[in-house]
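What follows is a short report on a single structure.
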Amino acid sequence: AFTDVRILGDKVSAGGATLLPVLARRTVSAGLSGFEWAVGVPGTLGGAVRMNAGGHGSDIAASLVGVRVIDVLTGEDVRMEAAALELGYRSSRLRRSEVVVEAQLQLRVAEDPAEREALLGEIVRWRREHQPGGQNAGSVFTNPAGDSAGRLIDESGARGLRIGSAAVSDKHANFIQADAAGSADDIARVMVSV
């Protein structure tokens, strides 16, 4: 449920459970530009809206037009324009009980579709080279203004810090990796310890 993707011209409507890499590839395949950055971001469109996910110089706010949100506590089902979400750096005004079940994006028709395909490949290559794979919690901490959380964690000496089944990545200090049978509790402990 909630993974349907509809593309009409330069407008995209997708369910909140749609995986970001899938949506990035589908939009590029449809000859669109503006969502390539999401090809290497783990997670769903709904989660990306909630936190205004981004990377490679862009974010959800750059193309989001509106959303459909259901409040799981009250059952309220509403449509909201992007401006009402008050999207900021890795933030929105959505409450914990509100789930994004659908989002509408406004993208651009690509001038050179082959160039967009090449950009997808370059982003995937860059992420594999600079960020860990496997089970990880992604970029855990937000970057402070003018600096990098990964650099600060590295400077503090926390790179490689391990607690139980989780550790700060040796490849990129703002990533916490979990062993195959890792626990969320261990990840939380590492987060607090950093």
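Each chain in the structure tokens gets a letter, A, B, ..., in the order shown, and its residues are numbered from 1; ligands are numbered from 1 in order too.
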Please return as a VMD selection string: the residues of region 23-76 of chain A that backbone DSSP assigns to strand (DSSP E). chain A and resid 32 to 33 54 to 55 58 to 59 64 to 71
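Those residues that approach region 127-131 of chain A to within 7 Å, counting only C-alpha atoms, are Gly40, Ile123, Val124, Lys171 and His172 of chain A; same-chain residues fewer than 3 positions away are not listed.
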Which of chain A fall in alpha helix (DSSP H), as a VMD selection string: chain A and resid 20 to 29 45 to 51 113 to 130 149 to 155 184 to 193
Output N, CA and C atoms for every residue in that selection, as a short mmCIF file (atom, residue, chain, number, x, y, z; two decimals), in the first residue's frame.
```
data_model
loop_
_atom_site.label_atom_id
_atom_site.label_comp_id
_atom_site.auth_asym_id
_atom_site.auth_seq_id
_atom_site.Cartn_x
_atom_site.Cartn_y
_atom_site.Cartn_z
N LEU A 20 12.67 6.18 -1.94
CA LEU A 20 13.27 7.32 -2.64
C LEU A 20 14.11 6.91 -3.85
N PRO A 21 14.99 5.88 -3.73
CA PRO A 21 15.78 5.50 -4.91
C PRO A 21 14.90 5.05 -6.08
N VAL A 22 13.81 4.36 -5.78
CA VAL A 22 12.88 3.91 -6.83
C VAL A 22 12.25 5.13 -7.51
N LEU A 23 11.80 6.09 -6.72
CA LEU A 23 11.17 7.28 -7.27
C LEU A 23 12.17 8.10 -8.09
N ALA A 24 13.40 8.21 -7.62
CA ALA A 24 14.42 8.94 -8.38
C ALA A 24 14.62 8.29 -9.75
N ARG A 25 14.74 6.98 -9.77
CA ARG A 25 14.96 6.27 -11.05
C ARG A 25 13.74 6.37 -11.97
N ARG A 26 12.55 6.26 -11.38
CA ARG A 26 11.32 6.34 -12.20
C ARG A 26 11.17 7.72 -12.83
N THR A 27 11.48 8.78 -12.07
CA THR A 27 11.32 10.12 -12.63
C THR A 27 12.35 10.39 -13.73
N VAL A 28 13.58 9.93 -13.53
CA VAL A 28 14.59 10.10 -14.57
C VAL A 28 14.21 9.29 -15.80
N SER A 29 13.71 8.08 -15.62
CA SER A 29 13.28 7.26 -16.75
C SER A 29 12.14 7.91 -17.53
N LEU A 45 9.33 8.23 0.74
CA LEU A 45 8.92 9.58 0.41
C LEU A 45 8.24 10.25 1.62
N GLY A 46 7.38 9.51 2.33
CA GLY A 46 6.71 10.08 3.50
C GLY A 46 7.69 10.50 4.57
N GLY A 47 8.67 9.65 4.85
CA GLY A 47 9.69 9.99 5.84
C GLY A 47 10.55 11.15 5.38
N ALA A 48 10.82 11.20 4.07
CA ALA A 48 11.63 12.29 3.52
C ALA A 48 10.91 13.62 3.66
N VAL A 49 9.59 13.61 3.46
CA VAL A 49 8.82 14.84 3.65
C VAL A 49 8.87 15.26 5.11
N ARG A 50 8.65 14.32 6.02
CA ARG A 50 8.64 14.63 7.45
C ARG A 50 9.90 15.36 7.89
N MET A 51 11.05 14.92 7.38
CA MET A 51 12.31 15.51 7.83
C MET A 51 12.96 16.42 6.79
N PRO A 113 18.03 13.76 -21.26
CA PRO A 113 17.76 12.59 -20.41
C PRO A 113 18.98 11.71 -20.15
N ALA A 114 19.88 11.58 -21.13
CA ALA A 114 21.08 10.76 -20.93
C ALA A 114 21.97 11.37 -19.86
N GLU A 115 22.01 12.69 -19.80
CA GLU A 115 22.79 13.39 -18.77
C GLU A 115 22.20 13.10 -17.38
N ARG A 116 20.89 13.03 -17.28
CA ARG A 116 20.22 12.73 -16.00
C ARG A 116 20.55 11.31 -15.55
N GLU A 117 20.55 10.37 -16.50
CA GLU A 117 20.92 8.97 -16.18
C GLU A 117 22.36 8.92 -15.69
N ALA A 118 23.24 9.66 -16.33
CA ALA A 118 24.64 9.69 -15.92
C ALA A 118 24.78 10.29 -14.53
N LEU A 119 23.97 11.32 -14.23
CA LEU A 119 24.02 11.93 -12.90
C LEU A 119 23.60 10.91 -11.84
N LEU A 120 22.58 10.10 -12.10
CA LEU A 120 22.18 9.05 -11.16
C LEU A 120 23.36 8.14 -10.85
N GLY A 121 24.04 7.70 -11.90
CA GLY A 121 25.20 6.82 -11.72
C GLY A 121 26.30 7.49 -10.91
N GLU A 122 26.54 8.77 -11.15
CA GLU A 122 27.57 9.50 -10.42
C GLU A 122 27.22 9.63 -8.94
N ILE A 123 25.96 9.89 -8.64
CA ILE A 123 25.53 10.02 -7.23
C ILE A 123 25.69 8.68 -6.52
N VAL A 124 25.29 7.59 -7.17
CA VAL A 124 25.43 6.25 -6.58
C VAL A 124 26.91 5.94 -6.35
N ARG A 125 27.76 6.23 -7.33
CA ARG A 125 29.20 6.00 -7.19
C ARG A 125 29.77 6.80 -6.02
N TRP A 126 29.41 8.08 -5.92
CA TRP A 126 29.91 8.95 -4.86
C TRP A 126 29.49 8.40 -3.50
N ARG A 127 28.24 8.00 -3.36
CA ARG A 127 27.76 7.49 -2.06
C ARG A 127 28.48 6.21 -1.67
N ARG A 128 28.69 5.32 -2.63
CA ARG A 128 29.41 4.07 -2.31
C ARG A 128 30.85 4.36 -1.89
N GLU A 129 31.44 5.37 -2.50
CA GLU A 129 32.83 5.72 -2.19
C GLU A 129 32.96 6.41 -0.84
N HIS A 130 31.98 7.23 -0.45
CA HIS A 130 32.11 8.07 0.74
C HIS A 130 31.25 7.67 1.93
N ALA A 149 28.69 17.57 10.83
CA ALA A 149 28.57 16.72 12.01
C ALA A 149 29.61 15.61 11.97
N GLY A 150 29.83 15.02 10.80
CA GLY A 150 30.83 13.96 10.66
C GLY A 150 32.22 14.42 11.06
N ARG A 151 32.59 15.63 10.64
CA ARG A 151 33.90 16.16 11.00
C ARG A 151 34.02 16.37 12.51
N LEU A 152 32.97 16.88 13.11
CA LEU A 152 32.99 17.12 14.56
C LEU A 152 33.07 15.81 15.34
N ILE A 153 32.34 14.79 14.90
CA ILE A 153 32.39 13.48 15.56
C ILE A 153 33.78 12.89 15.42
N ASP A 154 34.35 13.02 14.21
CA ASP A 154 35.71 12.56 13.97
C ASP A 154 36.70 13.27 14.90
N GLU A 155 36.58 14.57 14.99
CA GLU A 155 37.48 15.37 15.83
C GLU A 155 37.36 14.99 17.31
N ALA A 184 18.23 -1.78 17.85
CA ALA A 184 17.97 -0.34 17.86
C ALA A 184 18.43 0.26 19.18
N ASP A 185 18.33 -0.49 20.25
CA ASP A 185 18.80 0.01 21.56
C ASP A 185 20.29 0.32 21.53
N ASP A 186 21.07 -0.54 20.86
CA ASP A 186 22.51 -0.29 20.76
C ASP A 186 22.78 0.95 19.92
N ILE A 187 22.04 1.14 18.84
CA ILE A 187 22.19 2.34 18.03
C ILE A 187 21.89 3.56 18.84
N ALA A 188 20.81 3.53 19.62
CA ALA A 188 20.47 4.67 20.49
C ALA A 188 21.56 4.95 21.50
N ARG A 189 22.14 3.90 22.05
CA ARG A 189 23.24 4.08 23.04
C ARG A 189 24.45 4.75 22.40
N VAL A 190 24.77 4.34 21.18
CA VAL A 190 25.89 4.97 20.47
C VAL A 190 25.58 6.44 20.21
N MET A 191 24.36 6.73 19.77
CA MET A 191 23.97 8.12 19.51
C MET A 191 24.15 8.99 20.74
N VAL A 192 23.72 8.51 21.87
CA VAL A 192 23.82 9.27 23.11
C VAL A 192 25.28 9.43 23.53
N SER A 193 26.10 8.42 23.25
CA SER A 193 27.51 8.44 23.67
C SER A 193 28.39 9.33 22.81
#
```
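Across the structure, CA of Ala178 (chain A) and CA of Thr44 (chain A) are spaced 19.8 Å apart.
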Excluding Gly54 (chain A) and residues on its chain fewer than 5 positions from it, collect all residues at most 10 Å away from it, counting only C-alpha atoms, and give them as a PDB file with N, CA, C and O atoms, in the first residue's frame.
```pdb
ATOM      1  N   PHE A  35      14.914  15.327  -9.109  1.00  0.00           N
ATOM      2  CA  PHE A  35      14.810  14.389  -7.988  1.00  0.00           C
ATOM      3  C   PHE A  35      15.969  13.391  -7.979  1.00  0.00           C
ATOM      4  O   PHE A  35      15.986  12.445  -7.201  1.00  0.00           O
ATOM      5  N   TRP A  37      18.899  13.596  -6.773  1.00  0.00           N
ATOM      6  CA  TRP A  37      19.602  13.569  -5.484  1.00  0.00           C
ATOM      7  C   TRP A  37      19.133  12.435  -4.591  1.00  0.00           C
ATOM      8  O   TRP A  37      19.893  11.945  -3.761  1.00  0.00           O
ATOM      9  N   ALA A  38      17.894  11.989  -4.740  1.00  0.00           N
ATOM     10  CA  ALA A  38      17.303  10.988  -3.845  1.00  0.00           C
ATOM     11  C   ALA A  38      17.699   9.554  -4.169  1.00  0.00           C
ATOM     12  O   ALA A  38      17.371   8.637  -3.411  1.00  0.00           O
ATOM     13  N   VAL A  41      19.457   7.862  -1.254  1.00  0.00           N
ATOM     14  CA  VAL A  41      18.946   8.112   0.095  1.00  0.00           C
ATOM     15  C   VAL A  41      18.033   6.967   0.515  1.00  0.00           C
ATOM     16  O   VAL A  41      16.999   6.740  -0.107  1.00  0.00           O
ATOM     17  N   ALA A  48      10.825  11.197   4.066  1.00  0.00           N
ATOM     18  CA  ALA A  48      11.626  12.287   3.516  1.00  0.00           C
ATOM     19  C   ALA A  48      10.908  13.623   3.656  1.00  0.00           C
ATOM     20  O   ALA A  48      11.531  14.638   3.953  1.00  0.00           O
ATOM     21  N   VAL A  49       9.592  13.613   3.465  1.00  0.00           N
ATOM     22  CA  VAL A  49       8.824  14.842   3.648  1.00  0.00           C
ATOM     23  C   VAL A  49       8.871  15.262   5.113  1.00  0.00           C
ATOM     24  O   VAL A  49       9.114  16.429   5.430  1.00  0.00           O
ATOM     25  N   ASP A  59      16.765  19.174  -1.791  1.00  0.00           N
ATOM     26  CA  ASP A  59      15.965  18.514  -0.763  1.00  0.00           C
ATOM     27  C   ASP A  59      14.519  18.409  -1.229  1.00  0.00           C
ATOM     28  O   ASP A  59      14.179  18.877  -2.322  1.00  0.00           O
ATOM     29  N   ILE A  60      13.688  17.811  -0.415  1.00  0.00           N
ATOM     30  CA  ILE A  60      12.271  17.634  -0.748  1.00  0.00           C
ATOM     31  C   ILE A  60      11.596  18.978  -0.995  1.00  0.00           C
ATOM     32  O   ILE A  60      10.782  19.128  -1.898  1.00  0.00           O
ATOM     33  N   ALA A  61      11.926  19.971  -0.174  1.00  0.00           N
ATOM     34  CA  ALA A  61      11.283  21.283  -0.288  1.00  0.00           C
ATOM     35  C   ALA A  61      11.428  21.884  -1.683  1.00  0.00           C
ATOM     36  O   ALA A  61      10.564  22.647  -2.120  1.00  0.00           O
ATOM     37  N   ALA A  62      12.488  21.532  -2.400  1.00  0.00           N
ATOM     38  CA  ALA A  62      12.734  22.103  -3.723  1.00  0.00           C
ATOM     39  C   ALA A  62      11.694  21.698  -4.757  1.00  0.00           C
ATOM     40  O   ALA A  62      11.490  22.411  -5.744  1.00  0.00           O
ATOM     41  N   TYR A  89      15.685  22.955   7.563  1.00  0.00           N
ATOM     42  CA  TYR A  89      16.778  21.999   7.470  1.00  0.00           C
ATOM     43  C   TYR A  89      16.439  20.766   8.303  1.00  0.00           C
ATOM     44  O   TYR A  89      16.360  20.828   9.525  1.00  0.00           O
ATOM     45  N   ARG A  90      16.166  19.669   7.633  1.00  0.00           N
ATOM     46  CA  ARG A  90      15.837  18.379   8.234  1.00  0.00           C
ATOM     47  C   ARG A  90      14.685  18.487   9.242  1.00  0.00           C
ATOM     48  O   ARG A  90      14.684  17.832  10.284  1.00  0.00           O
TER      49      ARG A  90
END
```
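CA of Val67 (chain A) is found 12.6 Å from CA of Glu86 (chain A).
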One number please: CA of Ile176 (chain A) to CA of Ser148 (chain A), in Å, one decimal. 15.4 Å
Counting only C-alpha atoms, what is within 7 Å of Gly182 (chain A), bar same-chain residues fewer than 3 positions away, as a PyMOL selection string? chain A and resi 165-166+178-179
Hey, can you spit out that residue selection with N, CA and C atoms as a PDB file, in the first residue's frame?
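What follows is the written file out04.pdb:
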```
ATOM      1  N   SER A 165      26.044  -4.098  19.449  1.00  0.00           N
ATOM      2  CA  SER A 165      25.966  -4.442  18.031  1.00  0.00           C
ATOM      3  C   SER A 165      25.998  -3.221  17.106  1.00  0.00           C
ATOM      4  N   ALA A 166      26.319  -2.045  17.638  1.00  0.00           N
ATOM      5  CA  ALA A 166      26.324  -0.827  16.814  1.00  0.00           C
ATOM      6  C   ALA A 166      27.628  -0.061  16.996  1.00  0.00           C
ATOM      7  N   ALA A 178      24.974  -0.976  12.182  1.00  0.00           N
ATOM      8  CA  ALA A 178      24.529  -2.061  13.058  1.00  0.00           C
ATOM      9  C   ALA A 178      24.956  -3.392  12.458  1.00  0.00           C
ATOM     10  N   ASP A 179      25.325  -4.323  13.324  1.00  0.00           N
ATOM     11  CA  ASP A 179      25.636  -5.679  12.886  1.00  0.00           C
ATOM     12  C   ASP A 179      24.365  -6.309  12.315  1.00  0.00           C
TER      13      ASP A 179
END
```
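Proximity of A:Val168, A:Ala82, A:Ile70, A:Val12 to Ala30 (chain A), computed with only C-alpha atoms, is greatest for A:Val12.
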Would you mind telling me which residue in A:Ala17, A:Leu105, A:Val140, A:Ile7 lies nearest to Val65 (chain A) when using only C-alpha atoms? A:Leu105
